[in-house]
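Shown next: run.cif, given as mmCIF, C-alpha atoms (C1' of nucleotides).
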```cif
data_input
#
loop_
_atom_site.group_PDB
_atom_site.id
_atom_site.type_symbol
_atom_site.label_atom_id
_atom_site.label_comp_id
_atom_site.auth_asym_id
_atom_site.auth_seq_id
_atom_site.Cartn_x
_atom_site.Cartn_y
_atom_site.Cartn_z
ATOM 1 C CA MET A 879 55.293 108.860 111.666
ATOM 2 C CA PRO A 880 58.991 108.506 111.858
ATOM 3 C CA GLU A 881 61.418 105.885 112.992
ATOM 4 C CA LEU A 882 65.119 106.199 113.720
ATOM 5 C CA PRO A 883 66.263 107.159 110.180
ATOM 6 C CA GLU A 884 63.730 109.955 109.778
ATOM 7 C CA VAL A 885 64.553 111.279 113.243
ATOM 8 C CA GLU A 886 68.275 111.110 112.455
ATOM 9 C CA VAL A 887 67.825 113.152 109.267
ATOM 10 C CA ILE A 888 65.790 115.744 111.175
ATOM 11 C CA VAL A 889 68.389 115.902 113.949
ATOM 12 C CA ARG A 890 71.231 116.527 111.494
ATOM 13 C CA GLU A 891 69.335 119.433 109.962
ATOM 14 C CA LEU A 892 68.246 120.874 113.298
ATOM 15 C CA SER A 893 71.764 120.573 114.597
ATOM 16 C CA SER A 894 73.125 122.921 111.965
ATOM 17 C CA ARG A 895 70.166 125.293 112.091
ATOM 18 C CA LEU A 896 69.580 125.514 115.848
ATOM 19 C CA SER A 897 72.963 125.080 117.560
ATOM 20 C CA GLY A 898 73.913 128.455 118.985
ATOM 21 C CA GLU A 899 70.342 129.731 118.689
ATOM 22 C CA LYS A 900 68.332 130.963 121.626
ATOM 23 C CA ILE A 901 64.698 130.145 122.363
ATOM 24 C CA ILE A 902 63.009 133.284 123.663
ATOM 25 C CA ASN A 903 59.401 132.159 123.886
ATOM 26 C CA VAL A 904 57.135 129.114 123.649
ATOM 27 C CA ARG A 905 53.495 129.178 122.665
ATOM 28 C CA THR A 906 51.350 126.064 123.014
ATOM 29 C CA LEU A 907 48.218 125.865 120.871
ATOM 30 C CA TRP A 908 47.270 122.329 121.975
ATOM 31 C CA LYS A 909 47.937 121.832 125.665
ATOM 32 C CA LYS A 910 48.694 118.118 125.643
ATOM 33 C CA SER A 911 51.470 118.531 123.067
ATOM 34 C CA PHE A 912 53.787 120.287 125.550
ATOM 35 C CA VAL A 913 54.135 118.362 128.745
ATOM 36 C CA PRO A 914 54.487 121.161 131.300
ATOM 37 C CA ASN A 915 51.040 121.978 129.860
ATOM 38 C CA ASN A 916 51.434 125.738 130.107
ATOM 39 C CA GLN A 917 49.934 127.785 127.309
ATOM 40 C CA GLU A 918 52.547 130.491 127.728
ATOM 41 C CA MET A 919 55.652 130.365 129.830
ATOM 42 C CA PRO A 920 58.621 132.650 130.330
ATOM 43 C CA PHE A 921 61.373 130.894 128.529
ATOM 44 C CA GLU A 922 64.922 131.800 127.603
ATOM 45 C CA HIS A 923 67.419 129.080 126.860
ATOM 46 C CA ASN A 924 70.457 128.716 124.645
ATOM 47 C CA ILE A 925 70.468 125.631 122.437
ATOM 48 C CA LEU A 926 73.923 124.075 122.667
ATOM 49 C CA SER A 927 73.351 121.082 120.368
ATOM 50 C CA VAL A 928 70.701 118.768 118.972
ATOM 51 C CA THR A 929 71.030 115.008 119.430
ATOM 52 C CA ARG A 930 68.879 111.886 119.369
ATOM 53 C CA LYS A 931 68.134 108.790 121.391
ATOM 54 C CA GLY A 932 65.919 106.218 119.723
ATOM 55 C CA LYS A 933 63.071 108.227 118.239
ATOM 56 C CA PHE A 934 63.479 111.149 120.658
ATOM 57 C CA ILE A 935 64.909 114.432 119.386
ATOM 58 C CA ILE A 936 66.910 116.140 122.142
ATOM 59 C CA LEU A 937 67.561 119.886 122.287
ATOM 60 C CA ASN A 938 70.443 120.221 124.736
ATOM 61 C CA MET A 939 70.213 123.587 126.506
ATOM 62 C CA ASP A 940 72.037 125.393 129.350
ATOM 63 C CA VAL A 941 70.357 123.757 132.307
ATOM 64 C CA CYS A 942 67.602 121.594 130.834
ATOM 65 C CA TYR A 943 66.446 119.645 127.799
ATOM 66 C CA ILE A 944 63.597 119.730 125.357
ATOM 67 C CA LEU A 945 62.649 116.271 124.108
ATOM 68 C CA VAL A 946 60.442 115.893 121.045
ATOM 69 C CA HIS A 947 58.677 112.671 120.123
ATOM 70 C CA LEU A 948 56.870 112.898 116.787
ATOM 71 C CA ARG A 949 54.860 109.685 117.244
ATOM 72 C CA MET A 950 52.768 109.144 114.093
ATOM 73 C CA THR A 951 52.249 112.526 112.445
ATOM 74 C CA GLY A 952 54.512 115.037 114.192
ATOM 75 C CA GLN A 953 56.616 117.409 112.095
ATOM 76 C CA LEU A 954 59.227 120.008 113.008
ATOM 77 C CA ILE A 955 59.638 122.895 110.590
ATOM 78 C CA VAL A 956 62.042 125.804 110.845
ATOM 79 C CA THR A 957 60.838 128.953 109.108
ATOM 80 C CA ASN A 958 61.466 132.673 108.936
ATOM 81 C CA SER A 959 58.075 133.340 107.361
ATOM 82 C CA HIS A 960 55.386 135.302 109.228
ATOM 83 C CA ASN A 961 52.737 133.638 107.126
ATOM 84 C CA TYR A 962 53.054 129.987 108.107
ATOM 85 C CA ASP A 963 50.259 127.393 107.920
ATOM 86 C CA MET A 964 48.157 127.218 111.099
ATOM 87 C CA ARG A 965 46.437 123.922 110.273
ATOM 88 C CA HIS A 966 47.568 121.267 112.774
ATOM 89 C CA LEU A 967 50.053 123.660 114.338
ATOM 90 C CA ARG A 968 50.440 122.702 118.025
ATOM 91 C CA VAL A 969 53.541 124.417 119.460
ATOM 92 C CA ILE A 970 55.609 127.441 118.397
ATOM 93 C CA PHE A 971 59.165 128.096 119.597
ATOM 94 C CA GLU A 972 60.277 131.649 118.891
ATOM 95 C CA LEU A 973 64.000 132.108 118.357
ATOM 96 C CA GLU A 974 66.162 135.127 118.955
ATOM 97 C CA SER A 975 67.145 135.271 115.261
ATOM 98 C CA GLY A 976 63.488 135.784 114.314
ATOM 99 C CA ASP A 977 63.145 132.233 112.983
ATOM 100 C CA LYS A 978 60.510 129.944 114.418
ATOM 101 C CA LEU A 979 60.572 126.233 115.178
ATOM 102 C CA LEU A 980 57.052 124.941 114.475
ATOM 103 C CA PHE A 981 55.611 121.677 115.745
ATOM 104 C CA TYR A 982 52.776 120.341 113.587
ATOM 105 C CA ASP A 983 50.858 117.217 114.552
ATOM 106 C CA ALA A 984 47.606 116.201 112.860
ATOM 107 C CA ARG A 985 46.773 113.317 115.168
ATOM 108 C CA LYS A 986 47.972 114.963 118.390
ATOM 109 C CA PHE A 987 49.897 111.878 119.529
ATOM 110 C CA GLY A 988 53.258 113.648 119.532
ATOM 111 C CA ARG A 989 54.749 115.053 122.740
ATOM 112 C CA ILE A 990 57.293 117.676 123.696
ATOM 113 C CA TYR A 991 58.826 117.391 127.166
ATOM 114 C CA LEU A 992 60.786 119.934 129.159
ATOM 115 C CA ILE A 993 63.009 118.040 131.601
ATOM 116 C CA ASP A 994 66.200 118.481 133.621
ATOM 117 C CA ASN A 995 67.339 114.884 134.071
ATOM 118 C CA LEU A 996 68.055 112.851 130.940
ATOM 119 C CA GLY A 997 69.218 109.723 132.755
ATOM 120 C CA LYS A 998 66.024 109.514 134.745
ATOM 121 C CA PHE A 999 63.863 110.080 131.689
ATOM 122 C CA PHE A 1000 65.583 107.290 129.740
ATOM 123 C CA SER A 1001 66.039 104.872 132.641
ATOM 124 C CA ASN A 1002 63.729 102.296 131.091
ATOM 125 C CA PHE A 1003 65.053 102.747 127.603
ATOM 126 C CA GLY A 1004 67.015 100.207 125.539
ATOM 127 C CA VAL A 1005 70.195 100.793 123.549
ATOM 128 C CA ASP A 1006 69.967 102.856 120.398
ATOM 129 C CA ALA A 1007 69.887 100.662 117.294
ATOM 130 C CA LEU A 1008 72.812 102.540 115.747
ATOM 131 C CA SER A 1009 74.978 102.692 118.865
ATOM 132 C CA THR A 1010 77.981 100.447 119.410
ATOM 133 C CA GLU A 1011 76.269 98.930 122.452
ATOM 134 C CA PHE A 1012 73.814 97.318 120.069
ATOM 135 C CA ASP A 1013 75.958 94.334 119.131
ATOM 136 C CA ILE A 1014 75.407 90.628 118.584
ATOM 137 C CA SER A 1015 75.966 89.608 122.181
ATOM 138 C CA TYR A 1016 73.475 92.247 123.401
ATOM 139 C CA LEU A 1017 70.906 90.912 120.959
ATOM 140 C CA LYS A 1018 71.605 87.347 122.099
ATOM 141 C CA ASP A 1019 71.177 88.387 125.747
ATOM 142 C CA ILE A 1020 67.835 90.153 125.364
ATOM 143 C CA PHE A 1021 66.463 87.331 123.187
ATOM 144 C CA ASN A 1022 67.241 84.721 125.814
ATOM 145 C CA LYS A 1023 64.079 82.887 126.998
ATOM 146 C CA ARG A 1024 61.725 85.421 125.401
ATOM 147 C CA LYS A 1025 58.558 83.905 123.998
ATOM 148 C CA ALA A 1026 57.142 86.981 122.297
ATOM 149 C CA ARG A 1027 56.989 87.083 118.534
ATOM 150 C CA ILE A 1028 60.051 88.743 117.063
ATOM 151 C CA LYS A 1029 58.089 91.551 115.385
ATOM 152 C CA SER A 1030 56.436 92.730 118.586
ATOM 153 C CA PHE A 1031 59.604 92.276 120.618
ATOM 154 C CA LEU A 1032 61.546 94.549 118.261
ATOM 155 C CA MET A 1033 58.783 97.172 118.568
ATOM 156 C CA ASP A 1034 59.480 97.414 122.326
ATOM 157 C CA GLN A 1035 61.727 100.437 122.894
ATOM 158 C CA ARG A 1036 62.890 99.112 126.296
ATOM 159 C CA TYR A 1037 65.163 96.636 124.515
ATOM 160 C CA ILE A 1038 66.209 98.332 121.276
ATOM 161 C CA ALA A 1039 65.377 101.990 120.719
ATOM 162 C CA GLY A 1040 64.603 103.369 117.290
ATOM 163 C CA LEU A 1041 62.921 100.565 115.348
ATOM 164 C CA GLY A 1042 59.304 100.799 114.193
ATOM 165 C CA ASN A 1043 56.849 99.139 111.875
ATOM 166 C CA ILE A 1044 58.491 99.791 108.498
ATOM 167 C CA TYR A 1045 62.103 99.020 109.337
ATOM 168 C CA ILE A 1046 61.273 95.939 111.390
ATOM 169 C CA ASP A 1047 59.418 94.423 108.423
ATOM 170 C CA GLU A 1048 62.326 95.362 106.157
ATOM 171 C CA SER A 1049 64.979 94.009 108.541
ATOM 172 C CA LEU A 1050 63.172 90.699 109.073
ATOM 173 C CA PHE A 1051 62.939 90.287 105.303
ATOM 174 C CA ARG A 1052 66.658 90.933 104.855
ATOM 175 C CA ALA A 1053 67.434 88.407 107.585
ATOM 176 C CA GLY A 1054 64.989 85.799 106.263
ATOM 177 C CA VAL A 1055 63.081 85.664 109.551
ATOM 178 C CA HIS A 1056 59.293 85.228 109.743
ATOM 179 C CA PRO A 1057 57.733 88.000 111.874
ATOM 180 C CA SER A 1058 55.798 85.488 114.006
ATOM 181 C CA THR A 1059 58.903 83.561 115.056
ATOM 182 C CA ALA A 1060 59.203 83.184 118.839
ATOM 183 C CA VAL A 1061 62.280 85.149 119.884
ATOM 184 C CA HIS A 1062 63.958 82.320 121.828
ATOM 185 C CA LYS A 1063 63.795 80.023 118.810
ATOM 186 C CA LEU A 1064 66.175 82.095 116.695
ATOM 187 C CA SER A 1065 69.447 80.306 115.990
ATOM 188 C CA TYR A 1066 72.740 82.071 116.627
ATOM 189 C CA LYS A 1067 73.227 82.308 112.891
ATOM 190 C CA LYS A 1068 69.870 84.066 112.485
ATOM 191 C CA ILE A 1069 70.697 86.455 115.320
ATOM 192 C CA VAL A 1070 73.899 87.442 113.535
ATOM 193 C CA GLN A 1071 71.999 87.913 110.276
ATOM 194 C CA LEU A 1072 69.279 89.945 111.963
ATOM 195 C CA HIS A 1073 71.791 92.241 113.629
ATOM 196 C CA GLY A 1074 73.430 92.950 110.274
ATOM 197 C CA ALA A 1075 70.062 93.366 108.578
ATOM 198 C CA ILE A 1076 68.896 95.956 111.103
ATOM 199 C CA ARG A 1077 72.077 97.971 110.728
ATOM 200 C CA GLU A 1078 71.997 97.872 106.925
ATOM 201 C CA THR A 1079 68.301 98.704 106.732
ATOM 202 C CA LEU A 1080 68.694 101.764 108.956
ATOM 203 C CA GLU A 1081 71.885 103.003 107.312
ATOM 204 C CA HIS A 1082 70.428 102.733 103.812
ATOM 205 C CA ALA A 1083 67.315 104.597 104.926
ATOM 206 C CA ILE A 1084 69.392 107.436 106.358
ATOM 207 C CA MET A 1085 71.382 107.696 103.122
ATOM 208 C CA ASN A 1086 68.034 108.007 101.328
ATOM 209 C CA MET A 1087 66.909 110.769 103.730
ATOM 210 C CA GLY A 1088 64.182 108.606 105.269
ATOM 211 C CA THR A 1089 60.891 107.142 104.049
ATOM 212 C CA THR A 1090 58.040 109.486 103.091
ATOM 213 C CA ILE A 1091 54.742 107.576 103.052
ATOM 214 C CA SER A 1092 52.234 110.278 103.867
ATOM 215 C CA ASN A 1093 53.614 113.239 105.710
ATOM 216 C CA TYR A 1094 57.176 112.806 106.908
ATOM 217 C CA MET A 1095 59.345 115.658 105.808
ATOM 218 C CA THR A 1096 62.607 117.211 106.784
ATOM 219 C CA THR A 1097 62.727 120.476 108.719
ATOM 220 C CA GLY A 1098 63.024 122.497 105.542
ATOM 221 C CA GLY A 1099 60.039 120.759 103.937
ATOM 222 C CA GLY A 1100 61.925 118.179 101.808
ATOM 223 C CA PHE A 1101 60.874 114.561 101.270
ATOM 224 C CA GLY A 1102 62.704 111.288 101.783
ATOM 225 C CA ASN A 1103 63.438 108.780 99.014
ATOM 226 C CA ASN A 1104 63.582 105.483 100.889
ATOM 227 C CA GLN A 1105 59.973 104.578 99.969
ATOM 228 C CA TYR A 1106 61.320 103.645 96.516
ATOM 229 C CA TYR A 1107 63.656 101.039 98.009
ATOM 230 C CA LEU A 1108 61.318 99.167 100.365
ATOM 231 C CA ARG A 1109 61.268 95.409 99.733
ATOM 232 C CA VAL A 1110 58.182 94.298 101.657
ATOM 233 C CA TYR A 1111 56.511 97.198 103.468
ATOM 234 C CA GLY A 1112 53.488 98.413 101.480
ATOM 235 C CA ARG A 1113 54.070 95.742 98.771
ATOM 236 C CA GLU A 1114 51.303 93.231 99.592
ATOM 237 C CA ASN A 1115 50.291 91.143 96.555
ATOM 238 C CA GLU A 1116 53.323 92.358 94.628
ATOM 239 C CA SER A 1117 56.181 90.018 93.676
ATOM 240 C CA CYS A 1118 59.130 89.448 95.971
ATOM 241 C CA TYR A 1119 62.262 90.927 94.369
ATOM 242 C CA THR A 1120 64.223 87.836 95.394
ATOM 243 C CA CYS A 1121 61.948 84.905 94.515
ATOM 244 C CA GLY A 1122 58.839 86.294 92.808
ATOM 245 C CA THR A 1123 56.424 84.981 95.426
ATOM 246 C CA LYS A 1124 53.530 87.296 96.363
ATOM 247 C CA ILE A 1125 54.303 89.448 99.398
ATOM 248 C CA MET A 1126 51.796 88.821 102.174
ATOM 249 C CA LYS A 1127 50.299 91.216 104.685
ATOM 250 C CA ILE A 1128 48.990 90.021 108.043
ATOM 251 C CA ARG A 1129 48.042 91.727 111.285
ATOM 252 C CA LEU A 1130 50.394 91.142 114.202
ATOM 253 C CA ASN A 1131 49.553 92.802 117.512
ATOM 254 C CA ASN A 1132 47.332 95.181 115.592
ATOM 255 C CA ARG A 1133 50.077 96.311 113.229
ATOM 256 C CA GLY A 1134 50.151 95.690 109.509
ATOM 257 C CA THR A 1135 53.012 93.224 108.916
ATOM 258 C CA HIS A 1136 54.544 92.460 105.526
ATOM 259 C CA PHE A 1137 56.711 89.495 104.569
ATOM 260 C CA CYS A 1138 57.611 87.035 101.830
ATOM 261 C CA PRO A 1139 56.287 83.565 102.750
ATOM 262 C CA LYS A 1140 59.055 81.864 100.801
ATOM 263 C CA CYS A 1141 62.074 83.944 101.863
ATOM 264 C CA GLN A 1142 60.812 84.127 105.473
ATOM 265 C CA PRO A 1143 59.469 80.621 106.215
ATOM 266 C CA VAL A 1144 57.770 79.833 109.536
ATOM 267 C CA LYS A 1145 60.222 78.109 111.838
ATOM 268 C "C1'" DC B 492 56.807 89.551 135.304
ATOM 269 C "C1'" DT B 493 55.471 88.808 130.311
ATOM 270 C "C1'" DA B 494 52.669 89.286 126.279
ATOM 271 C "C1'" DA B 495 48.615 90.892 123.978
ATOM 272 C "C1'" DT B 496 45.005 94.364 123.372
ATOM 273 C "C1'" DC B 497 42.902 98.824 123.836
ATOM 274 C "C1'" DA B 498 42.925 103.899 123.872
ATOM 275 C "C1'" DC B 499 44.488 108.112 122.279
ATOM 276 C "C1'" DC B 500 43.234 111.425 117.596
ATOM 277 C "C1'" DT B 501 42.540 112.909 112.816
ATOM 278 C "C1'" DG B 502 42.376 112.372 107.957
ATOM 279 C "C1'" DA B 503 42.904 109.818 103.677
ATOM 280 C "C1'" DA B 504 41.347 106.118 100.836
ATOM 281 C "C1'" DG B 505 38.273 102.578 99.272
ATOM 282 C "C1'" DG B 506 33.679 100.247 98.862
ATOM 283 C "C1'" DC B 507 28.964 100.928 97.831
ATOM 284 C "C1'" DT C 975 28.731 113.480 95.962
ATOM 285 C "C1'" DG C 976 28.332 111.152 100.294
ATOM 286 C "C1'" DC C 977 28.216 107.877 103.914
ATOM 287 C "C1'" DC C 978 30.606 104.172 106.303
ATOM 288 C "C1'" DT C 979 34.561 101.377 107.337
ATOM 289 C "C1'" DT C 980 39.376 100.623 107.674
ATOM 290 C "C1'" DC C 981 43.904 101.943 108.011
ATOM 291 C "C1'" DA C 982 48.071 104.797 109.314
ATOM 292 C "C1'" DG C 983 56.360 105.645 110.443
ATOM 293 C "C1'" DG C 984 53.755 104.997 118.079
ATOM 294 C "C1'" DT C 985 53.378 103.979 122.686
ATOM 295 C "C1'" DG C 986 51.213 104.265 127.513
ATOM 296 C "C1'" DA C 987 47.666 102.017 130.112
ATOM 297 C "C1'" DT C 988 45.014 98.092 130.866
ATOM 298 C "C1'" DT C 989 43.986 93.253 130.717
ATOM 299 C "C1'" DA C 990 44.873 88.250 131.019
#
```
Transcribe the structure of this file into structure tokens.
Amino acid sequence: MPELPEVEVIVRELSSRLSGEKIINVRTLWKKSFVPNNQEMPFEHNILSVTRKGKFIILNMDVCYILVHLRMTGQLIVTNSHNYDMRHLRVIFELESGDKLLFYDARKFGRIYLIDNLGKFFSNFGVDALSTEFDISYLKDIFNKRKARIKSFLMDQRYIAGLGNIYIDESLFRAGVHPSTAVHKLSYKKIVQLHGAIRETLEHAIMNMGTTISNYMTTGGGFGNNQYYLRVYGRENESCYTCGTKIMKIRLNNRGTHFCPKCQPVK
DNA sequence: CTAATCACCTGAAGGC
DNA sequence: TGCCTTCAGGTGATTA
């Protein structure tokens, strides 16, 4: 489901609702969703803060961390109702206040990890796309000698963390780069443009509270608005806002990929 | 080591 | 209505 902007919106909400809370119990309804794989476990931890790295949501606690990855269809909902929906409910965190943090996940791809060493967990992880470490020289370095197509390279979280299918298509459009371009063929000028395009695309999406296509929602059940501002994603056969050419959709490494053939010519 | 493809799951949407 | 196919904000494992 979500990419960096959606996760960021969720983290901001969770941060104000969960900081200072205490988890007093965890119940797992689908074993694979919670990586210790215990159905029930004694559990008492204070949540100090909620942060993010790439698409991972991080609950920072006294002596350990809970990491949540929503993958395609995961949702986190905070509720004080006793009558919540059980359909697709996978994990329940009970809080001392009486509220519950509910993890829903229709496709069961999402994962929640309980770990004690963040550095080790993220050792193979690239820089976050909104961090200051993600700058033009970093982008130039990781692009050096790479022959992969730019779209699939940007999907790889070991280099840049946070980008996914929607925002890569949108960023490549803004930068005027064809998604099949071999990474090492990008000119310095295009690298600069792409860096700016990625930043702008993500920041705009966060301002719009994320993109709701099918089931992304915020922790209180609200929707995003960024779907109304997409320029290529989901617009196949519609006219490019810049030049009027029909937006094309192709399959790249098994992912639907949208672009304007005129604004993003093959290099 | 790098790059591409498959596997994991379920449900919604479209064609017939 | 219903059956069948395809597709989906992701990523780990497997293959070449």
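Minimum distance to DT501 in chain B across A:Leu948, A:Ile993, A:Val956, A:Ala984 (counting all atoms listed in the file) occurs at A:Ala984.
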Taking all atoms listed in the file into account, find every residue of chain A that has an atom no more than 12 Å from chain B, and write it out as a short mmCIF file (atom, residue, chain, number, x, y, z; two decimals) with C-alpha atoms, in the frame of the given file.
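File selection20.cif, as written:
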```cif
data_model
loop_
_atom_site.label_atom_id
_atom_site.label_comp_id
_atom_site.auth_asym_id
_atom_site.auth_seq_id
_atom_site.Cartn_x
_atom_site.Cartn_y
_atom_site.Cartn_z
CA LYS A 910 48.69 118.12 125.64
CA ARG A 949 54.86 109.68 117.24
CA MET A 950 52.77 109.14 114.09
CA THR A 951 52.25 112.53 112.44
CA ARG A 965 46.44 123.92 110.27
CA HIS A 966 47.57 121.27 112.77
CA ASP A 983 50.86 117.22 114.55
CA ALA A 984 47.61 116.20 112.86
CA ARG A 985 46.77 113.32 115.17
CA LYS A 986 47.97 114.96 118.39
CA PHE A 987 49.90 111.88 119.53
CA GLY A 988 53.26 113.65 119.53
CA LYS A 1023 64.08 82.89 127.00
CA ARG A 1024 61.72 85.42 125.40
CA LYS A 1025 58.56 83.90 124.00
CA ALA A 1026 57.14 86.98 122.30
CA ARG A 1027 56.99 87.08 118.53
CA ILE A 1028 60.05 88.74 117.06
CA SER A 1030 56.44 92.73 118.59
CA PHE A 1031 59.60 92.28 120.62
CA ASP A 1034 59.48 97.41 122.33
CA ALA A 1060 59.20 83.18 118.84
CA SER A 1092 52.23 110.28 103.87
CA ASN A 1093 53.61 113.24 105.71
CA LEU A 1130 50.39 91.14 114.20
CA ASN A 1131 49.55 92.80 117.51
CA ASN A 1132 47.33 95.18 115.59
CA ARG A 1133 50.08 96.31 113.23
#
```
For the contact check between chain C and chain A, emit one row per residue of chain C within 9 Å, containing the shortest atom pair and the distance in Å rounded to one decimal, counting all atoms listed in the file, chain then rising number order, as JSON lines.
```
{"residue": "C:DC981", "atom": "C1'", "partner": "A:Gly1134", "partner_atom": "CA", "distance": 9.0}
{"residue": "C:DA982", "atom": "C1'", "partner": "A:Met950", "partner_atom": "CA", "distance": 8.0}
{"residue": "C:DG983", "atom": "C1'", "partner": "A:Met879", "partner_atom": "CA", "distance": 3.6}
{"residue": "C:DG984", "atom": "C1'", "partner": "A:Arg949", "partner_atom": "CA", "distance": 4.9}
{"residue": "C:DT985", "atom": "C1'", "partner": "A:Arg949", "partner_atom": "CA", "distance": 8.0}
```
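For range 1104-1119 of chain A, the non-local neighbours within 8 Å, defined as residues at least 6 positions apart in the same chain or in other chains and counting all atoms listed in the file, are Ile1044, Asp1047, Glu1048, Phe1051, His1082, Ala1083, Asn1086, Met1087, Gly1088, Thr1089, Thr1090, Ile1091, Ile1125, Met1126, Lys1127, Thr1135, His1136, Phe1137 and Cys1138 of chain A.
Going from CA of Ser1058 in chain A over to CA of Cys1141 in chain A, you cover 13.8 Å.
In this model, the gap between CA of Glu1078 in chain A and CA of Leu1017 in chain A comes to 15.7 Å.
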Find the residues around Gly1098 in chain A up to 8 Å (only C-alpha atoms (C1' of nucleotides) counted), leave out those fewer than 3 positions away in its own chain, and share them as a PDB file with C-alpha atoms, in the coordinates of the input.
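Produced file out.pdb, reproduced below:
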```
ATOM      1  CA  ILE A 955      59.638 122.895 110.590  1.00  0.00           C
ATOM      2  CA  VAL A 956      62.042 125.804 110.845  1.00  0.00           C
ATOM      3  CA  THR A 957      60.838 128.953 109.108  1.00  0.00           C
ATOM      4  CA  MET A1095      59.345 115.658 105.808  1.00  0.00           C
TER       5      MET A1095
END
```
Will you model N, CA, C and O atoms for range 975-986 of chain A and pass it back as an mmCIF file, in the frame of the given file?
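Contents of rebuild39.cif, freshly written:
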```
data_model
loop_
_atom_site.group_PDB
_atom_site.id
_atom_site.type_symbol
_atom_site.label_atom_id
_atom_site.label_comp_id
_atom_site.auth_asym_id
_atom_site.auth_seq_id
_atom_site.Cartn_x
_atom_site.Cartn_y
_atom_site.Cartn_z
ATOM 1 N N SER A 975 66.818 134.821 116.630
ATOM 2 C CA SER A 975 67.145 135.271 115.261
ATOM 3 C C SER A 975 65.914 135.751 114.500
ATOM 4 O O SER A 975 66.037 136.349 113.438
ATOM 5 N N GLY A 976 64.713 135.464 115.046
ATOM 6 C CA GLY A 976 63.488 135.784 114.314
ATOM 7 C C GLY A 976 62.886 134.558 113.649
ATOM 8 O O GLY A 976 61.720 134.568 113.274
ATOM 9 N N ASP A 977 63.688 133.498 113.496
ATOM 10 C CA ASP A 977 63.145 132.233 112.983
ATOM 11 C C ASP A 977 62.195 131.620 114.005
ATOM 12 O O ASP A 977 62.210 131.975 115.177
ATOM 13 N N LYS A 978 61.388 130.683 113.514
ATOM 14 C CA LYS A 978 60.510 129.944 114.418
ATOM 15 C C LYS A 978 60.684 128.448 114.178
ATOM 16 O O LYS A 978 60.878 128.014 113.040
ATOM 17 N N LEU A 979 60.608 127.691 115.268
ATOM 18 C CA LEU A 979 60.572 126.233 115.178
ATOM 19 C C LEU A 979 59.131 125.825 115.433
ATOM 20 O O LEU A 979 58.584 126.070 116.511
ATOM 21 N N LEU A 980 58.488 125.248 114.408
ATOM 22 C CA LEU A 980 57.052 124.941 114.475
ATOM 23 C C LEU A 980 56.837 123.444 114.625
ATOM 24 O O LEU A 980 57.449 122.643 113.913
ATOM 25 N N PHE A 981 55.957 123.083 115.550
ATOM 26 C CA PHE A 981 55.611 121.677 115.745
ATOM 27 C C PHE A 981 54.187 121.452 115.245
ATOM 28 O O PHE A 981 53.233 121.948 115.831
ATOM 29 N N TYR A 982 54.080 120.720 114.142
ATOM 30 C CA TYR A 982 52.776 120.341 113.587
ATOM 31 C C TYR A 982 52.482 118.908 113.972
ATOM 32 O O TYR A 982 53.392 118.078 114.049
ATOM 33 N N ASP A 983 51.186 118.588 114.182
ATOM 34 C CA ASP A 983 50.858 117.217 114.552
ATOM 35 C C ASP A 983 49.368 116.950 114.359
ATOM 36 O O ASP A 983 48.559 117.179 115.263
ATOM 37 N N ALA A 984 49.017 116.417 113.191
ATOM 38 C CA ALA A 984 47.606 116.201 112.860
ATOM 39 C C ALA A 984 46.895 115.344 113.912
ATOM 40 O O ALA A 984 45.835 115.705 114.394
ATOM 41 N N ARG A 985 47.491 114.240 114.281
ATOM 42 C CA ARG A 985 46.773 113.317 115.168
ATOM 43 C C ARG A 985 46.971 113.598 116.654
ATOM 44 O O ARG A 985 46.396 112.902 117.491
ATOM 45 N N LYS A 986 47.798 114.548 116.987
ATOM 46 C CA LYS A 986 47.972 114.963 118.390
ATOM 47 C C LYS A 986 48.563 113.874 119.293
ATOM 48 O O LYS A 986 48.373 113.904 120.505
#
```
